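Down below is the structure, laid out as structure tokens.
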Amino acid sequence: MDRAQNIREMEKIFDKHNELIKKLSEFLDEFESDLGAYEKLKQYYGSKTWQEDKDDYDKGKYENIKAGVLSEDAIYNLIADNYFLALKLLNLANKVLQDH
């Protein structure tokens with residue numbers, strides 16, 4: 001590979017990584033700002049209010065309403081996905097820091 005080609009390749013890597021950092025930073029800011037709402041959902045899951053809402057929904061008291069949050073599996077899976085994403089982020093951060 002000639003030097004000009006090498007510079008073009010390095011510039012392409014530089015541009016791509018810059019864009020990825022920007023996107024990841026924006027996503028992490030949004031994710032972090034939503035953690036309060038996520039905690040509220042976790043507190044709702046399995047609570048007395050959740051159980052009453054689920055019972056009422058099962059009795060047909062709510063029509064034409066999206067109610068995935070009343071599925072035990074849906075919120076449980078979201079909590080698990082959030083946990084494993086956090087582990088992935090932690091491992092990635094550790095790799096980036098160790099390679100720095």
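Chain lettering (A, B, ...) mirrors the order of the structure tokens, residue numbering begins at 1 for each chain separately, and ligand numbering begins at 1 in order of display.
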
Exercise for the section: For Lys42 (chain A), work out the shell of residues within 9 Å, counting only C-alpha atoms and skipping chain neighbours fewer than 6 positions away, then give it as a list in words. Expected result: Ile75, Tyr76 and Ile79 of chain A

Handout entry: Best match for closeness to Ser47 (chain A) among A:Ile65, A:Leu87, A:Leu70, A:Leu20, counting only C-alpha atoms
Key =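 Ranking A:Ile65, A:Leu87, A:Leu70, A:Leu20 by distance to Ser47 (chain A), first place goes to A:Leu70.
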
Practice task
Find, counting only C-alpha atoms, the residue in A:Asn18, A:Leu28, A:Arg8, A:Lys40 that gets nearest to Ala86 (chain A).
Solution key: A:Leu28

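For the pair CA of Phe31 (chain A) and CA of Phe14 (chain A), the interatomic distance is 25.4 Å.
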
Exercise for the section: Have a look at A:Glu30, A:Ser71, A:Gly60, A:Leu85 and name the one nearest to Tyr45 (chain A); count only C-alpha atoms. Expected result: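 Of A:Glu30, A:Ser71, A:Gly60, A:Leu85, the one nearest Tyr45 (chain A), counting only C-alpha atoms, is A:Ser71.
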
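When CA of Glu52 (chain A) is paired with CA of Leu78 (chain A), their separation reads 21.0 Å.
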
Write out as a PDB file with C-alpha atoms, in the first residue's frame all residues of chain A that backbone DSSP assigns to alpha helix (DSSP H).
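Saved as part35.pdb:
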ATOM      1  CA  ARG A   3       1.519   6.190   1.597  1.00  0.00           C
ATOM      2  CA  ALA A   4      -1.317   8.188   0.029  1.00  0.00           C
ATOM      3  CA  GLN A   5      -3.568   5.128   0.220  1.00  0.00           C
ATOM      4  CA  ASN A   6      -2.541   4.610   3.841  1.00  0.00           C
ATOM      5  CA  ILE A   7      -3.455   8.221   4.673  1.00  0.00           C
ATOM      6  CA  ARG A   8      -6.858   7.780   3.002  1.00  0.00           C
ATOM      7  CA  GLU A   9      -7.466   4.590   4.981  1.00  0.00           C
ATOM      8  CA  MET A  10      -6.448   6.224   8.276  1.00  0.00           C
ATOM      9  CA  GLU A  11      -8.665   9.236   7.499  1.00  0.00           C
ATOM     10  CA  LYS A  12     -11.609   6.904   6.855  1.00  0.00           C
ATOM     11  CA  ILE A  13     -11.021   5.149  10.214  1.00  0.00           C
ATOM     12  CA  PHE A  14     -10.690   8.526  11.945  1.00  0.00           C
ATOM     13  CA  ASP A  15     -13.925   9.862  10.449  1.00  0.00           C
ATOM     14  CA  LYS A  16     -15.875   6.712  11.257  1.00  0.00           C
ATOM     15  CA  HIS A  17     -14.657   6.544  14.858  1.00  0.00           C
ATOM     16  CA  ASN A  18     -15.396  10.235  15.379  1.00  0.00           C
ATOM     17  CA  GLU A  19     -18.967   9.675  14.168  1.00  0.00           C
ATOM     18  CA  LEU A  20     -19.366   6.585  16.369  1.00  0.00           C
ATOM     19  CA  ILE A  21     -18.167   8.490  19.435  1.00  0.00           C
ATOM     20  CA  LYS A  22     -20.636  11.287  18.703  1.00  0.00           C
ATOM     21  CA  LYS A  23     -23.557   8.853  18.265  1.00  0.00           C
ATOM     22  CA  LEU A  24     -22.629   6.824  21.344  1.00  0.00           C
ATOM     23  CA  SER A  25     -22.259   9.942  23.473  1.00  0.00           C
ATOM     24  CA  GLU A  26     -25.681  11.207  22.366  1.00  0.00           C
ATOM     25  CA  PHE A  27     -27.248   7.808  23.002  1.00  0.00           C
ATOM     26  CA  LEU A  28     -25.652   7.509  26.448  1.00  0.00           C
ATOM     27  CA  ASP A  29     -26.889  10.983  27.374  1.00  0.00           C
ATOM     28  CA  GLU A  30     -30.424  10.005  26.352  1.00  0.00           C
ATOM     29  CA  PHE A  31     -30.153   6.639  28.112  1.00  0.00           C
ATOM     30  CA  GLU A  32     -28.887   8.262  31.300  1.00  0.00           C
ATOM     31  CA  SER A  33     -31.629  10.879  31.278  1.00  0.00           C
ATOM     32  CA  LEU A  35     -32.956   6.118  34.037  1.00  0.00           C
ATOM     33  CA  GLY A  36     -35.413   7.833  36.387  1.00  0.00           C
ATOM     34  CA  ALA A  37     -38.343   6.676  34.263  1.00  0.00           C
ATOM     35  CA  TYR A  38     -36.826   3.188  34.057  1.00  0.00           C
ATOM     36  CA  GLU A  39     -36.543   3.071  37.868  1.00  0.00           C
ATOM     37  CA  LYS A  40     -40.186   4.121  38.117  1.00  0.00           C
ATOM     38  CA  LEU A  41     -41.131   1.215  35.844  1.00  0.00           C
ATOM     39  CA  LYS A  42     -39.061  -1.206  37.943  1.00  0.00           C
ATOM     40  CA  GLN A  43     -40.826  -0.008  41.108  1.00  0.00           C
ATOM     41  CA  TYR A  44     -44.206  -0.455  39.398  1.00  0.00           C
ATOM     42  CA  LYS A  48     -49.673  -3.751  44.528  1.00  0.00           C
ATOM     43  CA  THR A  49     -50.710  -1.183  41.917  1.00  0.00           C
ATOM     44  CA  TRP A  50     -49.269  -3.333  39.125  1.00  0.00           C
ATOM     45  CA  GLN A  51     -51.128  -6.387  40.412  1.00  0.00           C
ATOM     46  CA  GLU A  52     -54.402  -4.455  40.645  1.00  0.00           C
ATOM     47  CA  ASP A  53     -53.900  -3.065  37.141  1.00  0.00           C
ATOM     48  CA  LYS A  54     -53.146  -6.567  35.845  1.00  0.00           C
ATOM     49  CA  ASP A  55     -56.213  -8.046  37.536  1.00  0.00           C
ATOM     50  CA  ASP A  56     -58.448  -5.290  36.143  1.00  0.00           C
ATOM     51  CA  TYR A  57     -56.938  -5.712  32.677  1.00  0.00           C
ATOM     52  CA  ASP A  58     -57.483  -9.470  32.808  1.00  0.00           C
ATOM     53  CA  GLU A  72     -44.612 -10.405  33.759  1.00  0.00           C
ATOM     54  CA  ASP A  73     -42.203 -11.533  31.073  1.00  0.00           C
ATOM     55  CA  ALA A  74     -42.002  -8.202  29.248  1.00  0.00           C
ATOM     56  CA  ILE A  75     -40.739  -6.122  32.162  1.00  0.00           C
ATOM     57  CA  TYR A  76     -38.597  -8.961  33.519  1.00  0.00           C
ATOM     58  CA  ASN A  77     -36.934  -9.292  30.112  1.00  0.00           C
ATOM     59  CA  LEU A  78     -36.405  -5.527  29.916  1.00  0.00           C
ATOM     60  CA  ILE A  79     -34.721  -5.559  33.324  1.00  0.00           C
ATOM     61  CA  ALA A  80     -32.503  -8.464  32.239  1.00  0.00           C
ATOM     62  CA  ASP A  81     -31.661  -6.741  28.938  1.00  0.00           C
ATOM     63  CA  ASN A  82     -30.782  -3.556  30.821  1.00  0.00           C
ATOM     64  CA  TYR A  83     -28.533  -5.514  33.193  1.00  0.00           C
ATOM     65  CA  PHE A  84     -26.694  -7.314  30.398  1.00  0.00           C
ATOM     66  CA  LEU A  85     -26.307  -4.086  28.439  1.00  0.00           C
ATOM     67  CA  ALA A  86     -24.742  -2.499  31.521  1.00  0.00           C
ATOM     68  CA  LEU A  87     -22.295  -5.411  31.748  1.00  0.00           C
ATOM     69  CA  LYS A  88     -21.459  -5.024  28.057  1.00  0.00           C
ATOM     70  CA  LEU A  89     -20.853  -1.298  28.536  1.00  0.00           C
ATOM     71  CA  LEU A  90     -18.679  -1.993  31.569  1.00  0.00           C
ATOM     72  CA  ASN A  91     -16.615  -4.560  29.666  1.00  0.00           C
ATOM     73  CA  LEU A  92     -16.261  -2.226  26.690  1.00  0.00           C
ATOM     74  CA  ALA A  93     -15.220   0.673  28.938  1.00  0.00           C
ATOM     75  CA  ASN A  94     -12.659  -1.577  30.620  1.00  0.00           C
ATOM     76  CA  LYS A  95     -11.244  -2.643  27.236  1.00  0.00           C
ATOM     77  CA  VAL A  96     -11.049   0.958  25.993  1.00  0.00           C
ATOM     78  CA  LEU A  97      -9.315   2.076  29.189  1.00  0.00           C
ATOM     79  CA  GLN A  98      -6.877  -0.830  29.203  1.00  0.00           C
ATOM     80  CA  ASP A  99      -5.983  -0.259  25.535  1.00  0.00           C
TER      81      ASP A  99
END
